[in-house]
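Chemist: Hey, dropping data-v7.txt in here, compact mmCIF, C-alpha atoms:
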```txt
# COMPACT_ATOMS: atom_id res chain seq x y z
CA MET A 11 -18.20 34.29 -25.04
CA CYS A 12 -21.25 33.30 -23.06
CA LYS A 13 -23.11 35.48 -20.58
CA TRP A 14 -21.28 33.92 -17.64
CA CYS A 15 -17.96 35.02 -19.13
CA ALA A 16 -19.30 38.57 -19.28
CA LYS A 17 -20.40 38.41 -15.64
CA HIS A 18 -17.61 36.48 -13.96
CA GLY A 19 -14.87 36.18 -16.56
CA ALA A 20 -12.92 39.42 -16.02
CA ASN A 21 -12.50 39.99 -19.78
CA GLY A 22 -11.86 36.30 -20.40
CA LYS A 23 -13.59 32.99 -20.01
CA TRP A 24 -15.27 32.33 -16.67
CA TYR A 25 -13.46 29.08 -16.08
CA LEU A 26 -10.07 30.68 -16.78
CA ASN A 27 -10.60 33.43 -14.19
CA ALA A 28 -8.35 32.55 -11.24
CA LYS A 29 -10.63 34.42 -8.83
CA ASN A 30 -13.37 31.84 -9.25
CA TYR A 31 -11.17 29.09 -7.78
CA LEU A 32 -10.10 30.95 -4.65
CA GLU A 33 -10.86 29.93 -1.09
CA GLU A 34 -12.40 33.36 -0.40
CA THR A 35 -14.83 33.01 -3.29
CA SER A 36 -16.05 29.69 -1.94
CA LYS A 37 -16.81 31.36 1.38
CA GLY A 38 -18.55 34.30 -0.29
CA TYR A 39 -22.18 35.21 0.24
CA ASP A 40 -23.14 31.54 0.38
CA ASP A 41 -20.75 29.01 1.88
CA SER A 42 -19.95 26.44 -0.78
CA ARG A 43 -19.21 23.65 1.65
CA GLU A 44 -22.75 23.39 2.99
CA TYR A 45 -24.15 23.78 -0.51
CA LEU A 46 -21.87 21.12 -2.01
CA GLU A 47 -22.46 18.66 0.81
CA VAL A 48 -26.22 18.77 0.33
CA LEU A 49 -25.94 18.75 -3.48
CA TRP A 50 -23.49 15.86 -3.87
CA GLY A 51 -25.09 13.91 -1.03
CA ASN A 52 -28.57 14.10 -2.55
CA LEU A 53 -27.79 13.90 -6.26
CA GLU A 54 -29.98 10.83 -6.79
CA ARG A 55 -32.88 12.43 -5.01
CA ILE A 56 -32.53 15.67 -6.97
CA TYR A 57 -32.43 13.78 -10.26
CA LEU A 58 -35.28 11.35 -9.65
CA GLY A 59 -37.30 13.02 -6.93
CA LYS A 60 -40.00 15.65 -7.30
CA THR A 61 -39.38 19.36 -7.76
CA TRP A 62 -42.31 21.75 -7.58
CA GLY A 63 -44.63 18.75 -7.69
CA MET A 64 -43.10 17.52 -10.94
CA SER A 65 -40.73 14.61 -11.20
CA ILE A 66 -38.30 14.96 -14.11
CA ASN A 67 -38.55 11.20 -14.45
CA ASN A 68 -42.02 10.53 -15.82
CA VAL A 69 -43.77 13.88 -16.00
CA ILE A 70 -41.22 16.18 -17.60
CA SER A 71 -39.94 13.66 -20.12
CA TYR A 72 -43.35 13.58 -21.82
CA ARG A 73 -44.59 17.10 -21.08
CA LEU A 74 -41.57 18.72 -22.71
CA LYS A 75 -42.94 17.46 -26.03
CA ILE A 76 -46.22 19.37 -25.68
CA PRO A 77 -45.86 22.51 -27.87
CA ILE A 78 -46.40 25.58 -25.64
CA ILE A 79 -46.48 23.98 -22.18
CA GLY A 80 -43.24 22.17 -22.95
CA ARG A 81 -41.51 25.42 -23.83
CA MET A 82 -42.76 27.01 -20.60
CA ILE A 83 -41.51 24.12 -18.47
CA LYS A 84 -38.14 24.33 -20.22
CA TRP A 85 -37.94 28.07 -19.55
CA MET A 86 -38.84 27.58 -15.88
CA VAL A 87 -36.31 24.79 -15.36
CA ASN A 88 -33.54 26.73 -17.14
CA LYS A 89 -34.24 29.77 -14.98
CA ARG A 90 -34.12 27.58 -11.89
CA ILE A 91 -30.80 26.03 -12.82
CA GLU A 92 -29.16 29.38 -13.56
CA LYS A 93 -30.28 31.00 -10.31
CA GLU A 94 -27.48 33.06 -8.81
CA LYS A 95 -28.76 34.43 -5.51
CA ASN A 96 -29.42 32.06 -2.59
CA PRO A 97 -29.35 28.86 -4.67
CA ASN A 98 -31.14 25.89 -3.12
CA PRO A 99 -28.98 22.76 -3.46
CA ARG A 100 -31.95 20.44 -2.92
CA ILE A 101 -33.27 21.31 -6.37
CA ALA A 102 -29.82 21.82 -7.95
CA GLU A 103 -30.05 25.57 -8.35
CA GLY A 104 -26.80 27.15 -9.46
CA HIS A 105 -25.18 23.87 -10.50
CA PHE A 106 -24.42 23.70 -14.19
CA GLY A 107 -21.34 23.42 -16.34
CA GLN A 108 -19.67 23.97 -19.66
CA VAL A 109 -17.79 21.69 -22.03
CA ILE A 110 -14.10 22.58 -22.34
CA PRO A 111 -11.32 21.21 -24.58
CA LEU A 112 -8.34 19.29 -23.19
CA GLU A 113 -5.88 22.20 -23.34
CA GLU A 114 -8.01 24.41 -21.13
CA ALA A 115 -8.70 21.54 -18.74
CA LYS A 116 -4.94 21.12 -18.40
CA ILE A 117 -4.47 24.83 -17.70
CA ILE A 118 -7.09 24.60 -14.95
CA ALA A 119 -5.52 21.49 -13.42
CA SER A 120 -1.96 22.78 -13.50
CA ASN A 121 -2.26 26.51 -12.80
CA LEU A 122 -5.65 27.61 -11.53
CA ALA A 123 -7.13 25.07 -9.14
CA ASP A 124 -5.45 24.76 -5.77
CA VAL A 125 -6.33 21.43 -4.12
CA LYS A 126 -7.41 18.64 -6.47
CA ILE A 127 -8.96 15.35 -5.37
CA LYS A 128 -10.28 12.49 -7.49
CA ALA A 129 -13.56 10.87 -6.44
CA ASN A 130 -16.10 8.38 -7.73
CA CYS A 131 -18.54 9.57 -10.33
CA PRO A 132 -22.03 9.73 -8.76
CA CYS A 133 -23.74 9.80 -12.17
CA ARG A 134 -22.31 6.49 -13.36
CA TYR A 135 -23.15 5.01 -9.98
CA ILE A 136 -26.79 6.04 -10.30
CA HIS A 137 -27.14 4.90 -13.88
CA ARG A 138 -24.98 1.80 -14.23
CA GLY A 139 -24.15 0.91 -10.62
CA ILE A 140 -20.39 1.09 -11.29
CA LYS A 141 -17.80 2.99 -9.29
CA VAL A 142 -15.09 4.73 -11.34
CA ASP A 143 -13.02 7.64 -10.10
CA ASN A 144 -13.50 10.12 -12.93
CA CYS A 145 -14.48 13.29 -11.09
CA MET A 146 -12.03 15.89 -9.90
CA GLY A 147 -13.10 18.22 -7.11
CA PHE A 148 -11.38 21.48 -6.18
CA THR A 149 -10.74 23.15 -2.83
CA ALA A 150 -14.20 23.32 -1.23
CA LEU A 151 -15.48 20.11 -2.81
CA ALA A 152 -12.29 18.30 -1.79
CA GLU A 153 -13.21 19.01 1.82
CA VAL A 154 -16.71 17.62 1.26
CA PHE A 155 -15.71 14.29 -0.36
CA PRO A 156 -14.57 12.54 2.89
CA LYS A 157 -18.08 13.05 4.32
CA LEU A 158 -19.75 11.11 1.47
CA PRO A 159 -18.72 7.44 1.68
CA ARG A 160 -20.14 6.36 -1.69
CA LEU A 161 -17.84 8.83 -3.50
CA ILE A 162 -14.60 7.60 -1.93
CA PRO A 163 -12.61 5.40 -4.37
CA GLU A 164 -11.26 1.96 -3.42
CA ASN A 165 -7.71 3.25 -2.90
CA GLY A 166 -8.92 6.15 -0.79
CA LEU A 167 -8.84 9.85 -1.54
CA GLU A 168 -5.51 11.32 -2.61
CA ILE A 169 -4.51 14.88 -3.36
CA LEU A 170 -3.32 15.09 -6.97
CA SER A 171 -0.23 17.01 -7.96
CA SER A 172 -0.37 19.14 -11.12
CA ASP A 173 1.50 16.51 -13.17
CA LYS A 174 -0.72 13.67 -11.99
CA ALA A 175 -3.84 15.70 -12.72
CA GLU A 176 -2.62 16.37 -16.26
CA ILE A 177 -1.84 12.69 -16.84
CA PHE A 178 -5.28 11.82 -15.49
CA LEU A 179 -6.98 14.28 -17.84
CA GLU A 180 -5.02 12.93 -20.81
CA ARG A 181 -6.07 9.38 -19.95
CA MET A 182 -9.71 10.48 -19.73
CA ASN A 183 -9.40 12.14 -23.12
CA GLN A 184 -7.96 8.97 -24.66
CA GLU A 185 -10.87 7.00 -23.24
CA GLY A 186 -13.20 9.38 -25.06
CA LYS A 187 -14.62 11.34 -22.17
CA VAL A 188 -15.72 14.94 -22.37
CA HIS A 189 -14.27 17.45 -19.91
CA VAL A 190 -16.99 19.49 -18.24
CA ILE A 191 -16.36 22.22 -15.68
CA TYR A 192 -19.08 22.79 -13.09
CA TRP A 193 -20.02 25.74 -10.94
CA GLY A 194 -20.37 25.22 -7.23
CA PRO A 195 -22.81 27.91 -6.35
CA ILE A 196 -21.97 30.74 -8.74
CA PRO A 197 -19.34 32.40 -8.60
CA TYR A 198 -17.28 29.49 -7.28
CA ILE A 199 -16.02 26.65 -9.51
CA ALA A 200 -16.14 23.28 -7.80
CA ALA A 201 -15.50 20.35 -10.13
CA LEU A 202 -13.95 19.18 -13.39
CA CYS A 203 -15.70 16.00 -14.52
CA SER A 204 -14.99 13.55 -17.32
CA CYS A 205 -18.44 12.81 -18.63
CA ASP A 206 -19.90 10.61 -21.30
CA TYR A 207 -23.39 10.52 -22.72
CA PRO A 208 -25.79 8.95 -21.67
CA GLN A 209 -24.38 8.10 -18.24
CA CYS A 210 -23.76 11.72 -17.21
CA LEU A 211 -26.75 13.44 -15.60
CA GLY A 212 -25.79 16.82 -17.01
CA LEU A 213 -25.14 15.73 -20.60
CA ARG A 214 -28.21 13.51 -20.58
CA THR A 215 -30.64 16.27 -19.56
CA ARG A 216 -28.95 18.61 -22.03
CA MET A 217 -29.00 16.21 -24.98
CA ASP A 218 -32.37 14.55 -24.42
CA PHE A 219 -34.45 17.37 -22.97
CA ASP A 220 -32.48 20.48 -24.02
CA ILE A 221 -32.22 21.81 -20.46
CA ASN A 222 -29.13 23.95 -19.90
CA THR A 223 -27.37 21.76 -17.34
CA VAL A 224 -24.30 21.73 -19.58
CA TYR A 225 -23.46 24.66 -21.83
CA LYS A 226 -21.82 24.10 -25.19
CA GLY A 227 -18.14 24.96 -25.31
CA GLU A 228 -16.61 28.20 -26.55
CA TYR A 229 -15.34 26.48 -29.71
CA ILE A 230 -16.52 24.37 -32.59
CA ALA A 231 -14.56 21.83 -34.60
CA VAL A 232 -13.81 22.45 -38.27
CA VAL A 233 -12.35 19.96 -40.78
CA ASP A 234 -9.60 21.03 -43.16
CA PRO A 235 -10.57 19.25 -46.43
CA ASN A 236 -7.02 19.48 -47.82
CA LYS A 237 -5.42 17.63 -44.92
CA CYS A 238 -8.12 15.03 -44.24
CA ILE A 239 -7.38 11.53 -45.60
CA GLY A 240 -10.77 10.08 -44.69
CA CYS A 241 -9.77 7.49 -42.11
CA GLY A 242 -12.98 8.07 -40.15
CA GLU A 243 -11.40 7.81 -36.71
CA CYS A 244 -13.05 10.99 -35.50
CA VAL A 245 -16.60 9.82 -36.23
CA SER A 246 -16.67 7.23 -33.46
CA ARG A 247 -15.29 9.70 -30.91
CA CYS A 248 -18.18 12.16 -31.04
CA GLN A 249 -20.57 11.87 -28.09
CA PHE A 250 -23.05 14.36 -29.48
CA GLY A 251 -23.84 12.93 -32.90
CA ALA A 252 -22.32 15.95 -34.62
CA ILE A 253 -20.05 14.08 -37.06
CA ASN A 254 -21.26 12.09 -40.03
CA PHE A 255 -19.02 10.41 -42.53
CA GLY A 256 -19.76 11.47 -46.08
CA SER A 257 -18.72 8.38 -48.03
CA SER A 258 -18.95 10.03 -51.46
CA ILE A 259 -16.75 13.00 -50.51
CA ASN A 260 -14.53 10.78 -48.31
CA ARG A 261 -14.34 13.09 -45.33
CA PRO A 262 -16.36 13.73 -42.19
CA ILE A 263 -19.09 16.34 -42.09
CA ILE A 264 -19.37 18.28 -38.81
CA ASP A 265 -22.77 19.70 -37.92
CA ALA A 266 -21.88 23.05 -36.35
CA LYS A 267 -25.24 23.33 -34.62
CA ARG A 268 -24.72 20.06 -32.76
CA CYS A 269 -21.01 20.44 -32.07
CA PHE A 270 -20.20 21.05 -28.39
CA GLY A 271 -16.57 22.00 -29.00
CA CYS A 272 -15.07 19.34 -26.75
CA GLY A 273 -12.18 18.66 -29.12
CA LEU A 274 -12.26 14.87 -28.76
CA CYS A 275 -12.23 14.44 -32.54
CA LYS A 276 -9.24 16.77 -32.81
CA GLU A 277 -7.09 14.73 -30.42
CA VAL A 278 -7.50 11.49 -32.39
CA CYS A 279 -6.76 12.97 -35.83
CA GLU A 280 -3.27 11.90 -36.94
CA GLU A 281 -3.15 14.33 -39.88
CA GLN A 282 -4.20 17.23 -37.60
CA ALA A 283 -6.95 18.05 -40.06
CA ILE A 284 -9.45 19.11 -37.38
CA HIS A 285 -8.98 22.33 -35.45
CA LEU A 286 -11.12 24.28 -33.02
CA VAL A 287 -12.50 27.66 -34.05
CA ASP A 288 -13.94 30.26 -31.69
CA ARG A 289 -17.73 30.06 -31.65
CA ASP A 290 -18.05 33.83 -31.96
CA GLU A 291 -16.30 33.82 -35.35
CA ILE A 292 -19.16 31.97 -37.04
CA PRO A 293 -22.22 34.24 -37.24
CA VAL A 294 -24.91 31.54 -37.45
CA ILE A 295 -24.03 29.76 -34.22
CA ARG A 296 -22.81 32.79 -32.30
CA GLY A 297 -24.47 32.83 -28.88
CA MET A 298 -25.89 29.30 -29.18
CA TYR A 299 -24.73 27.74 -25.95
CA MET B 14 -49.22 10.34 -28.24
CA ARG B 15 -49.01 6.74 -27.06
CA LYS B 16 -46.72 6.30 -24.11
CA ILE B 17 -44.33 3.43 -23.64
CA LYS B 18 -44.88 1.54 -20.41
CA ILE B 19 -42.12 -0.56 -18.89
CA ASP B 20 -43.32 -2.99 -16.26
CA ILE B 21 -41.02 -4.82 -13.88
CA ASP B 22 -42.37 -7.72 -11.83
CA TYR B 23 -40.72 -7.21 -8.46
CA SER B 24 -41.82 -10.64 -7.24
CA LYS B 25 -39.49 -12.14 -9.87
CA CYS B 26 -36.69 -9.53 -9.80
CA VAL B 27 -35.35 -10.24 -6.32
CA ALA B 28 -31.64 -9.41 -6.11
CA PRO B 29 -30.89 -6.75 -8.75
CA GLU B 30 -27.65 -5.66 -7.02
CA ASN B 31 -26.05 -9.02 -7.84
CA CYS B 32 -27.57 -9.51 -11.32
CA ARG B 33 -27.35 -6.14 -13.11
CA ILE B 34 -27.76 -7.72 -16.57
CA CYS B 35 -30.45 -5.32 -17.76
CA ILE B 36 -28.80 -2.11 -16.54
CA ASN B 37 -25.61 -3.00 -18.37
CA LEU B 38 -27.52 -3.88 -21.54
CA CYS B 39 -29.76 -0.82 -21.69
CA GLN B 40 -28.10 1.51 -24.18
CA PRO B 41 -30.07 4.74 -23.47
CA VAL B 42 -29.95 4.01 -19.67
CA VAL B 43 -33.69 3.80 -19.21
CA LEU B 44 -33.39 0.97 -16.69
CA THR B 45 -31.40 2.00 -13.63
CA LEU B 46 -30.61 0.56 -10.25
CA THR B 47 -32.17 3.21 -8.08
CA PHE B 48 -33.20 3.94 -4.51
CA THR B 49 -36.80 3.51 -3.44
CA ASP B 50 -38.68 5.94 -1.23
CA GLN B 51 -37.86 4.27 2.08
CA ASP B 52 -34.10 3.82 1.86
CA PHE B 53 -31.42 5.79 0.13
CA TYR B 54 -27.86 4.69 0.70
CA ASP B 55 -28.08 0.91 1.02
CA PRO B 56 -27.60 -0.66 -2.44
CA LYS B 57 -28.94 -4.03 -1.30
CA GLU B 58 -32.40 -2.53 -0.93
CA TRP B 59 -32.31 -0.77 -4.29
CA LYS B 60 -34.58 -1.73 -7.15
CA ILE B 61 -34.48 -1.71 -10.93
CA VAL B 62 -36.56 1.32 -11.92
CA PRO B 63 -37.36 2.51 -15.46
CA ILE B 64 -36.63 6.25 -15.74
CA PHE B 65 -37.52 8.38 -18.80
CA PRO B 66 -39.59 5.70 -20.57
CA SER B 67 -39.98 8.15 -23.47
CA LEU B 68 -36.31 7.55 -24.35
CA CYS B 69 -36.71 3.77 -24.73
CA ILE B 70 -35.52 2.69 -28.18
CA ASN B 71 -37.53 -0.56 -28.11
CA CYS B 72 -34.57 -2.82 -28.70
CA ASN B 73 -36.16 -5.44 -26.37
CA LEU B 74 -32.75 -6.67 -25.25
CA CYS B 75 -33.73 -6.47 -21.58
CA VAL B 76 -36.91 -8.45 -22.19
CA ASP B 77 -35.03 -11.24 -23.97
CA GLN B 78 -31.97 -11.39 -21.73
CA CYS B 79 -33.60 -11.16 -18.30
CA PRO B 80 -33.02 -14.58 -16.62
CA GLU B 81 -36.23 -14.26 -14.58
CA LYS B 82 -38.34 -12.84 -17.47
CA ALA B 83 -39.43 -10.04 -15.14
CA ILE B 84 -39.50 -7.14 -17.65
CA SER B 85 -42.23 -6.36 -20.15
CA ILE B 86 -42.53 -3.39 -22.50
CA PHE B 87 -45.79 -2.33 -24.14
CA LEU B 88 -47.70 0.71 -25.35
CA LYS B 89 -50.15 2.22 -22.93
```
In structure tokens, what does this structure look like?

Modeler:
Amino acid sequence: MCKWCAKHGANGKWYLNAKNYLEETSKGYDDSREYLEVLWGNLERIYLGKTWGMSINNVISYRLKIPIIGRMIKWMVNKRIEKEKNPNPRIAEGHFGQVIPLEEAKIIASNLADVKIKANCPCRYIHRGIKVDNCMGFTALAEVFPKLPRLIPENGLEILSSDKAEIFLERMNQEGKVHVIYWGPIPYIAALCSCDYPQCLGLRTRMDFDINTVYKGEYIAVVDPNKCIGCGECVSRCQFGAINFGSSINRPIIDAKRCFGCGLCKEVCEEQAIHLVDRDEIPVIRGMY
Amino acid sequence: MRKIKIDIDYSKCVAPENCRICINLCQPVVLTLTFTDQDFYDPKEWKIVPIFPSLCINCNLCVDQCPEKAISIFLK
């Protein structure tokens, strides 16, 4: 379990703690509505604008490669993102997420989150100029969506029932999208997104620049060599480049250090040869989030 | 380290909102349709902007496929 589970998980995982979804939590020491309105309204500006005199666009992408200075910048940015007290939404403080498998996403959609609303993905709109309704916002964020016209889907905003939300998540999983759960300001959970690299802002900064905008999941995928028939379906599903196909041994090889534990490869396996194992059970990658 | 420079001739690239060929071709999403400093929410005023040029994989698809030949990629 990661450090956020220890802080806000109540002896479990942070995203499975019902307290983090409550209305009261969102109105805690920092009202989530104001925070989320500024954050989701200015996402483009946060991503491409300047923070502390540095734009992530041109400056950081090269400076992160410089040996010691790069490591310092990374440390500073990570500290900024994980800030808990008085987060500033204009520089995306306190807004990061974690990859979760489909089963846990379904538990969140059916049991934990109260009001669920689908909205357009701002990341895909910034990057590709397309509008697809792949993001699901919970209570506080659902109140913010009507104020942001570019996030409203063509058919208008609708409140999803638990069944509809589960069907939606299953469809996203079939399309090969990774479920990522995002903090509003900590300790409130605001959104469950269906992301794919490289369109997603969070996954892109995590994968390309190793900044902790998205934490790795609590699991990793493991192949059962006795069950695997070597069809290779799982290889094309991986967003993170963690699966290679070993042609001489006729089964996929999963790189545990790269695996994010999203479980996309598991869903497509007809022989059920891939299963998810708790990250803590494997000593080498324990604590690598 | 030699940096990759992506130049876009804005006198040739006039209506990116309607064209969008390069942003759909670019596999690592280096070229994006993005706001400029003056305006923010009006997509008609947006421009094609290269972000994270260090991630460019030099496939040169955008250079070849651009109908106006407005994009050029070279080493600084």

Chemist: Enumerate, in order of chain and increasing residue number, the residues of chain B with an atom no farther than 6 Å from chain A, each with its shortest atom pair and distance in Å to one decimal, counting all atoms listed in the file, as a Markdown table.

Modeler:
```
| residue | atom | partner | partner_atom | distance |
| --- | --- | --- | --- | --- |
| B:Ile36 | CA | A:Arg138 | CA | 5.9 |
| B:Thr45 | CA | A:His137 | CA | 5.2 |
| B:Ile64 | CA | A:Asn67 | CA | 5.5 |
| B:Phe65 | CA | A:Asn67 | CA | 5.3 |
```

Chemist: Expressed in Å to a single decimal, how great is the separation between CA of Lys29 (chain A) and CA of Asp124 (chain A)?

Modeler: 11.4 Å

Chemist: Record the distance separating CA of Leu44 (chain B) and CA of Glu30 (chain B), expressed in Å with one decimal.

Modeler: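 Taking CA of Leu44 (chain B) and CA of Glu30 (chain B), their separation equals 13.1 Å.
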
Chemist: Between A:Tyr198, A:Pro77, A:Ala252, A:Glu47, which has the minimum distance to His18 (chain A) (counting all atoms listed in the file)?

Modeler: A:Tyr198

Chemist: To one decimal place in Å, what is the distance between CA of Cys79 (chain B) and CA of Leu38 (chain B)?

Modeler: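 These atoms are spaced 10.0 Å apart.
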
Chemist: Name the residues within 12 Å of (-29.8, 19.0, -23.3), counting only C-alpha atoms in the file's coordinates, and put them as a short mmCIF file (atom, residue, chain, number, x, y, z; two decimals) with C-alpha atoms, in the coordinates of the input.

Modeler:
```
data_model
loop_
_atom_site.label_atom_id
_atom_site.label_comp_id
_atom_site.auth_asym_id
_atom_site.auth_seq_id
_atom_site.Cartn_x
_atom_site.Cartn_y
_atom_site.Cartn_z
CA SER A 71 -39.94 13.66 -20.12
CA LEU A 74 -41.57 18.72 -22.71
CA LYS A 84 -38.14 24.33 -20.22
CA VAL A 87 -36.31 24.79 -15.36
CA ASN A 88 -33.54 26.73 -17.14
CA PHE A 106 -24.42 23.70 -14.19
CA GLY A 107 -21.34 23.42 -16.34
CA GLN A 108 -19.67 23.97 -19.66
CA TYR A 207 -23.39 10.52 -22.72
CA PRO A 208 -25.79 8.95 -21.67
CA CYS A 210 -23.76 11.72 -17.21
CA LEU A 211 -26.75 13.44 -15.60
CA GLY A 212 -25.79 16.82 -17.01
CA LEU A 213 -25.14 15.73 -20.60
CA ARG A 214 -28.21 13.51 -20.58
CA THR A 215 -30.64 16.27 -19.56
CA ARG A 216 -28.95 18.61 -22.03
CA MET A 217 -29.00 16.21 -24.98
CA ASP A 218 -32.37 14.55 -24.42
CA PHE A 219 -34.45 17.37 -22.97
CA ASP A 220 -32.48 20.48 -24.02
CA ILE A 221 -32.22 21.81 -20.46
CA ASN A 222 -29.13 23.95 -19.90
CA THR A 223 -27.37 21.76 -17.34
CA VAL A 224 -24.30 21.73 -19.58
CA TYR A 225 -23.46 24.66 -21.83
CA LYS A 226 -21.82 24.10 -25.19
CA PHE A 250 -23.05 14.36 -29.48
CA ARG A 268 -24.72 20.06 -32.76
CA PHE A 270 -20.20 21.05 -28.39
CA TYR A 299 -24.73 27.74 -25.95
#
```

Chemist: Need the neighbours of (-9.2, 31.8, -9.3): which residues are at most 12 Å away, counting all atoms listed in the file, as a PyMOL selection string?

Modeler: chain A and resi 18-20+23-36+117-119+121-125+148-149+197-200

Chemist: Those residues with C-alpha atoms, as a short mmCIF file (atom, residue, chain, number, x, y, z; two decimals), in the frame of the given file please?

Modeler:
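What ended up in part.cif:
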```
data_model
loop_
_atom_site.label_atom_id
_atom_site.label_comp_id
_atom_site.auth_asym_id
_atom_site.auth_seq_id
_atom_site.Cartn_x
_atom_site.Cartn_y
_atom_site.Cartn_z
CA HIS A 18 -17.61 36.48 -13.96
CA GLY A 19 -14.87 36.18 -16.56
CA ALA A 20 -12.92 39.42 -16.02
CA LYS A 23 -13.59 32.99 -20.01
CA TRP A 24 -15.27 32.33 -16.67
CA TYR A 25 -13.46 29.08 -16.08
CA LEU A 26 -10.07 30.68 -16.78
CA ASN A 27 -10.60 33.43 -14.19
CA ALA A 28 -8.35 32.55 -11.24
CA LYS A 29 -10.63 34.42 -8.83
CA ASN A 30 -13.37 31.84 -9.25
CA TYR A 31 -11.17 29.09 -7.78
CA LEU A 32 -10.10 30.95 -4.65
CA GLU A 33 -10.86 29.93 -1.09
CA GLU A 34 -12.40 33.36 -0.40
CA THR A 35 -14.83 33.01 -3.29
CA SER A 36 -16.05 29.69 -1.94
CA ILE A 117 -4.47 24.83 -17.70
CA ILE A 118 -7.09 24.60 -14.95
CA ALA A 119 -5.52 21.49 -13.42
CA ASN A 121 -2.26 26.51 -12.80
CA LEU A 122 -5.65 27.61 -11.53
CA ALA A 123 -7.13 25.07 -9.14
CA ASP A 124 -5.45 24.76 -5.77
CA VAL A 125 -6.33 21.43 -4.12
CA PHE A 148 -11.38 21.48 -6.18
CA THR A 149 -10.74 23.15 -2.83
CA PRO A 197 -19.34 32.40 -8.60
CA TYR A 198 -17.28 29.49 -7.28
CA ILE A 199 -16.02 26.65 -9.51
CA ALA A 200 -16.14 23.28 -7.80
#
```

Chemist: Pick from B:Ile84, B:Ala28, B:Cys75, B:Leu68: nearest to Lys16 (chain B), with only C-alpha atoms counted?

Modeler: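 Using only C-alpha atoms, the shortest distance to Lys16 (chain B) belongs to B:Leu68.
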
Chemist: I'd like the contact shell of Ile21 (chain B) - 12 Å cut-off, all atoms listed in the file, skipping same-chain residues fewer than 4 positions apart - returned as an MDAnalysis selection string.

Modeler: chainID B and resid 25:27 29 35 44:45 60:63 75:76 79 81:87

Chemist: Near Lys116 (chain A), counting all atoms listed in the file, which residues have an atom at most 9 Å away, once you skip same-chain residues fewer than 2 positions from it, shown as number ranges by chain?

Modeler: A: 111-114, 118-121, 172, 175-176, 179-180

Chemist: When you look at Ile169 (chain A) with a cut-off of 8 Å (counting only C-alpha atoms), what residues show up, excluding the ones that are within fewer than 5 positions of it in the same chain? I need them as a VMD selection string.

Modeler: chain A and resid 125 to 128

Chemist: Okay, now the selection with C-alpha atoms, as a PDB file, in the frame of the given file?

Modeler:
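After the write, out-v6.pdb holds the following:
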```
ATOM      1  CA  VAL A 125      -6.330  21.430  -4.120  1.00  0.00           C
ATOM      2  CA  LYS A 126      -7.410  18.640  -6.470  1.00  0.00           C
ATOM      3  CA  ILE A 127      -8.960  15.350  -5.370  1.00  0.00           C
ATOM      4  CA  LYS A 128     -10.280  12.490  -7.490  1.00  0.00           C
TER       5      LYS A 128
END
```

Chemist: Pick out the residues sitting within 7 Å of Cys69 (chain B), and hand them over as a short mmCIF file (atom, residue, chain, number, x, y, z; two decimals) with C-alpha atoms, in the frame of the given file; count all atoms listed in the file, and ignore anything fewer than 2 positions along from it in its own chain.

Modeler:
```
data_model
loop_
_atom_site.label_atom_id
_atom_site.label_comp_id
_atom_site.auth_asym_id
_atom_site.auth_seq_id
_atom_site.Cartn_x
_atom_site.Cartn_y
_atom_site.Cartn_z
CA PRO B 41 -30.07 4.74 -23.47
CA VAL B 43 -33.69 3.80 -19.21
CA PRO B 66 -39.59 5.70 -20.57
CA SER B 67 -39.98 8.15 -23.47
CA ASN B 71 -37.53 -0.56 -28.11
#
```
